[in-house]
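Visitor: Dumping the structure here so I can ask a few things about it.
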Amino acid sequence: MDFLRPASWEEALAAKAEHPTAVPIAGGTDVMVEINFDHRRPEYLLDLNRVTDLTEWEVGEDTVRLGASVPYTKIMEHLRAELPGLALASHTVASPQIRNRGGVGGNLGTASPAGDAHPALLAAGAEVEVESVRGTRLVPIDEFYTGVKRNALAADELIKSVHIKKADGPQQYSKVGTRNAMVIAVCAFGLALHPSSRTVRTGIGSAAPTPVRAKAAEEFLNAALEEGGFWDNGKIIAPSVAKQFAELCSGACNPIDDVRGTASYRRHAVGVMARRTLTWTWESYRGARRTTEGAA
């Protein structure tokens with residue numbers, strides 16, 4: 001196994017173009033596990049740790065540009081207000097040591113359905129910036145996952161950053177695991193309210209071959225909130241609406257039975273998380289409206 005160690009982003013792209021089978025490694029929290037268990041034996045490892053561009057982020061007027069190797073710890077410490085759903089997801093990642101090393105780019109590159117960042121990225125409506133010596137392109141998060149541990153990257157492309165819309169409303173994240181830390185998700189759920197567009201987005205992890213959105217549930221809830229004038233009146237969402245939303249989220253799942261949980265349990269747990277996160281986010285939205293009205 002050869003070890004490639006570019007000193008800059010340009011050198012990394014050139015190395016990837018010359019060796020398309022090279023496996024990128026930054027935090028290494030997924031790659032090293034596969035290598036240690038002999039599940040993968042790449043001809044080349046492409047070490048990106050000297051590429052400082054990947055560890056930087058930029059907060060714009062509407063969007064955060066998050067470098068692929070920004071550690072989860074930094075997201076928790078510095079981007080909680082702008083990316084609350086992703087910050088909550090970051091809290092659930094493994095241990096402090098791994099949160100100090102791992103980043104969103106690794107989750108995206110591995111494209112495991114159990115990756116902790118995926119539900120939050122789907123709910124927020126992110127775009128993945130990928131680049132090669134041929135140029136740069138932005139891939140909508142909904143189009144990025146193409147199969148079990150497969151993504152939309154071409155052989156010569158690397159993930160440079162993720163563009164994530166700044167939160168304009170409450171966001172939540174929930175994860176079920178077999179213990180409280182250092183655990184792969186049995187299933188996970190992310191929810192984001194977008195009051196500016198009067199829409200809701202979801203993200204489901206570890207309950208289908210790829211991370212997915214519950215689009216039928218989103219459409220149902222968007223219609224229910226609009227028809228009831230909820231965005232304007234801030235009333236409590238009826239239990240029947242929350243129940244239907246939860247059932248539709250469960251229906252969006254296509255899980256498997258494995259050592260971490262059964263398919264039926266995953267469907268049930270996603271429904272429970274959907275109902276709870278909807279309650280939490282909507283209460284936050286109502287509280288913010290009351291504060292704004294009181295100030296006025």
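Labels used: A, B, ... for chains in the order of the structure tokens, numbers from 1 for residues in each chain, and numbers from 1 for ligands as shown.
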Could you produce a table of the residues of range 205-234 of chain A lying within 12 Å of range 145-158 of chain A, with the nearest pair of atoms per residue and their separation in Å rounded to one decimal, using only C-alpha atoms, ordered by chain and increasing residue number, as JSON lines?

Guide:
{"residue": "A:Gly205", "atom": "CA", "partner": "A:Tyr145", "partner_atom": "CA", "distance": 11.8}
{"residue": "A:Ser206", "atom": "CA", "partner": "A:Val148", "partner_atom": "CA", "distance": 10.6}
{"residue": "A:Ala207", "atom": "CA", "partner": "A:Val148", "partner_atom": "CA", "distance": 11.5}
{"residue": "A:Ala208", "atom": "CA", "partner": "A:Val148", "partner_atom": "CA", "distance": 8.8}
{"residue": "A:Pro209", "atom": "CA", "partner": "A:Val148", "partner_atom": "CA", "distance": 5.2}
{"residue": "A:Thr210", "atom": "CA", "partner": "A:Val148", "partner_atom": "CA", "distance": 5.7}
{"residue": "A:Pro211", "atom": "CA", "partner": "A:Tyr145", "partner_atom": "CA", "distance": 7.1}
{"residue": "A:Val212", "atom": "CA", "partner": "A:Tyr145", "partner_atom": "CA", "distance": 8.6}
{"residue": "A:Arg213", "atom": "CA", "partner": "A:Tyr145", "partner_atom": "CA", "distance": 11.5}

Visitor: What lies within 10 Å of range 74-77 of chain A using only C-alpha atoms, ignoring chain neighbours under 3 positions off, as a PyMOL selection string?

Guide: chain A and resi 55-57+66+70-71+80-84+86-91+99-100+103-104

Visitor: Could you give me, as a Markdown table, a per-residue list for range 45-110 of chain A showing, wherever an atom lies at most 12 Å from an atom of range 8-13 of chain A, the closest pair of atoms and their distance in Å to one decimal, using only C-alpha atoms and sorting by chain then residue number from low to high?

Guide:
| residue | atom | partner | partner_atom | distance |
| --- | --- | --- | --- | --- |
| A:Leu45 | CA | A:Ala12 | CA | 11.3 |
| A:Leu46 | CA | A:Ala12 | CA | 7.7 |
| A:Asp47 | CA | A:Ala12 | CA | 8.5 |
| A:Leu48 | CA | A:Ala12 | CA | 7.3 |
| A:Asn49 | CA | A:Ser8 | CA | 9.6 |
| A:Arg50 | CA | A:Ser8 | CA | 6.8 |
| A:Val51 | CA | A:Ser8 | CA | 5.0 |
| A:Thr52 | CA | A:Ser8 | CA | 7.6 |
| A:Asp53 | CA | A:Trp9 | CA | 7.2 |
| A:Leu54 | CA | A:Trp9 | CA | 8.4 |
| A:Thr55 | CA | A:Trp9 | CA | 11.6 |
| A:Gly67 | CA | A:Trp9 | CA | 11.9 |
| A:Ala68 | CA | A:Trp9 | CA | 11.9 |

Visitor: Could you dump the residues just selected with all heavy atoms as a compact mmCIF listing (two decimals), in the first residue's frame?

Guide:
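Just written: out_17.txt:
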# COMPACT_ATOMS: atom_id res chain seq x y z
N LEU A 45 -3.27 5.16 -0.42
CA LEU A 45 -3.98 6.02 0.52
C LEU A 45 -3.56 7.46 0.23
O LEU A 45 -2.37 7.76 0.09
CB LEU A 45 -3.63 5.67 1.96
CG LEU A 45 -4.37 4.50 2.61
CD1 LEU A 45 -3.88 4.31 4.05
CD2 LEU A 45 -5.88 4.72 2.59
N LEU A 46 -4.56 8.33 0.14
CA LEU A 46 -4.32 9.74 -0.16
C LEU A 46 -4.55 10.56 1.11
O LEU A 46 -5.69 10.87 1.47
CB LEU A 46 -5.24 10.20 -1.29
CG LEU A 46 -5.12 11.65 -1.75
CD1 LEU A 46 -3.72 11.93 -2.28
CD2 LEU A 46 -6.16 11.95 -2.83
N ASP A 47 -3.47 10.88 1.81
CA ASP A 47 -3.55 11.61 3.07
C ASP A 47 -3.82 13.09 2.81
O ASP A 47 -3.02 13.77 2.15
CB ASP A 47 -2.24 11.42 3.84
CG ASP A 47 -2.22 12.21 5.14
OD1 ASP A 47 -3.31 12.60 5.61
OD2 ASP A 47 -1.13 12.43 5.68
N LEU A 48 -4.93 13.60 3.35
CA LEU A 48 -5.33 14.99 3.12
C LEU A 48 -5.08 15.90 4.32
O LEU A 48 -5.53 17.04 4.35
CB LEU A 48 -6.81 15.05 2.74
CG LEU A 48 -7.21 14.29 1.47
CD1 LEU A 48 -8.72 14.34 1.28
CD2 LEU A 48 -6.50 14.85 0.24
N ASN A 49 -4.35 15.41 5.30
CA ASN A 49 -4.21 16.16 6.55
C ASN A 49 -3.36 17.42 6.41
O ASN A 49 -3.46 18.32 7.25
CB ASN A 49 -3.63 15.26 7.63
CG ASN A 49 -4.69 14.36 8.23
OD1 ASN A 49 -5.58 14.82 8.92
ND2 ASN A 49 -4.61 13.06 7.95
N ARG A 50 -2.54 17.53 5.37
CA ARG A 50 -1.75 18.75 5.19
C ARG A 50 -2.49 19.79 4.35
O ARG A 50 -1.98 20.90 4.18
CB ARG A 50 -0.40 18.41 4.55
CG ARG A 50 0.51 17.60 5.46
CD ARG A 50 1.98 17.77 5.05
NE ARG A 50 2.26 17.20 3.74
CZ ARG A 50 3.41 17.37 3.08
NH1 ARG A 50 4.38 18.09 3.61
NH2 ARG A 50 3.59 16.81 1.90
N VAL A 51 -3.67 19.44 3.86
CA VAL A 51 -4.46 20.37 3.04
C VAL A 51 -5.31 21.23 3.98
O VAL A 51 -6.41 20.85 4.37
CB VAL A 51 -5.34 19.62 2.03
CG1 VAL A 51 -6.09 20.61 1.15
CG2 VAL A 51 -4.49 18.69 1.18
N THR A 52 -4.79 22.39 4.36
CA THR A 52 -5.45 23.21 5.38
C THR A 52 -6.78 23.79 4.92
O THR A 52 -7.63 24.11 5.75
CB THR A 52 -4.52 24.36 5.82
OG1 THR A 52 -4.15 25.13 4.66
CG2 THR A 52 -3.26 23.81 6.47
N ASP A 53 -6.97 23.92 3.60
CA ASP A 53 -8.25 24.45 3.08
C ASP A 53 -9.43 23.63 3.58
O ASP A 53 -10.53 24.17 3.80
CB ASP A 53 -8.26 24.43 1.55
CG ASP A 53 -7.24 25.36 0.93
OD1 ASP A 53 -6.51 26.02 1.68
OD2 ASP A 53 -7.16 25.41 -0.31
N LEU A 54 -9.22 22.34 3.77
CA LEU A 54 -10.32 21.45 4.14
C LEU A 54 -10.75 21.61 5.58
O LEU A 54 -11.81 21.11 5.97
CB LEU A 54 -9.91 19.99 3.88
CG LEU A 54 -9.54 19.64 2.43
CD1 LEU A 54 -9.15 18.17 2.33
CD2 LEU A 54 -10.69 19.96 1.48
N THR A 55 -9.95 22.27 6.40
CA THR A 55 -10.29 22.43 7.82
C THR A 55 -10.86 23.82 8.12
O THR A 55 -11.02 24.18 9.29
CB THR A 55 -9.06 22.20 8.70
OG1 THR A 55 -8.05 23.16 8.37
CG2 THR A 55 -8.51 20.80 8.50
N GLY A 67 -15.65 23.20 5.28
CA GLY A 67 -14.60 22.36 4.73
C GLY A 67 -14.82 20.91 5.08
O GLY A 67 -15.32 20.57 6.17
N ALA A 68 -14.44 20.02 4.17
CA ALA A 68 -14.73 18.60 4.34
C ALA A 68 -14.10 18.00 5.60
O ALA A 68 -14.62 17.03 6.15
CB ALA A 68 -14.24 17.83 3.11

Visitor: Based on DSSP run over this structure's backbone, return all residues of range 89-210 of chain A in alpha helix (DSSP H), as an MDAnalysis selection string.

Guide: chainID A and resid 89:91 96:99 104:110 118:124 141:144

Visitor: One decimal, Å: what's the distance from CA of Gly234 in chain A over to CA of Gly287 in chain A, could you say?

Guide: 8.8 Å

Visitor: Near Arg40 in chain A, within 12 Å and counting only C-alpha atoms, which residues show up once chain neighbours fewer than 6 positions away are dropped, as a ChimeraX atom specification?

Guide: /A:1,22-23,30-34
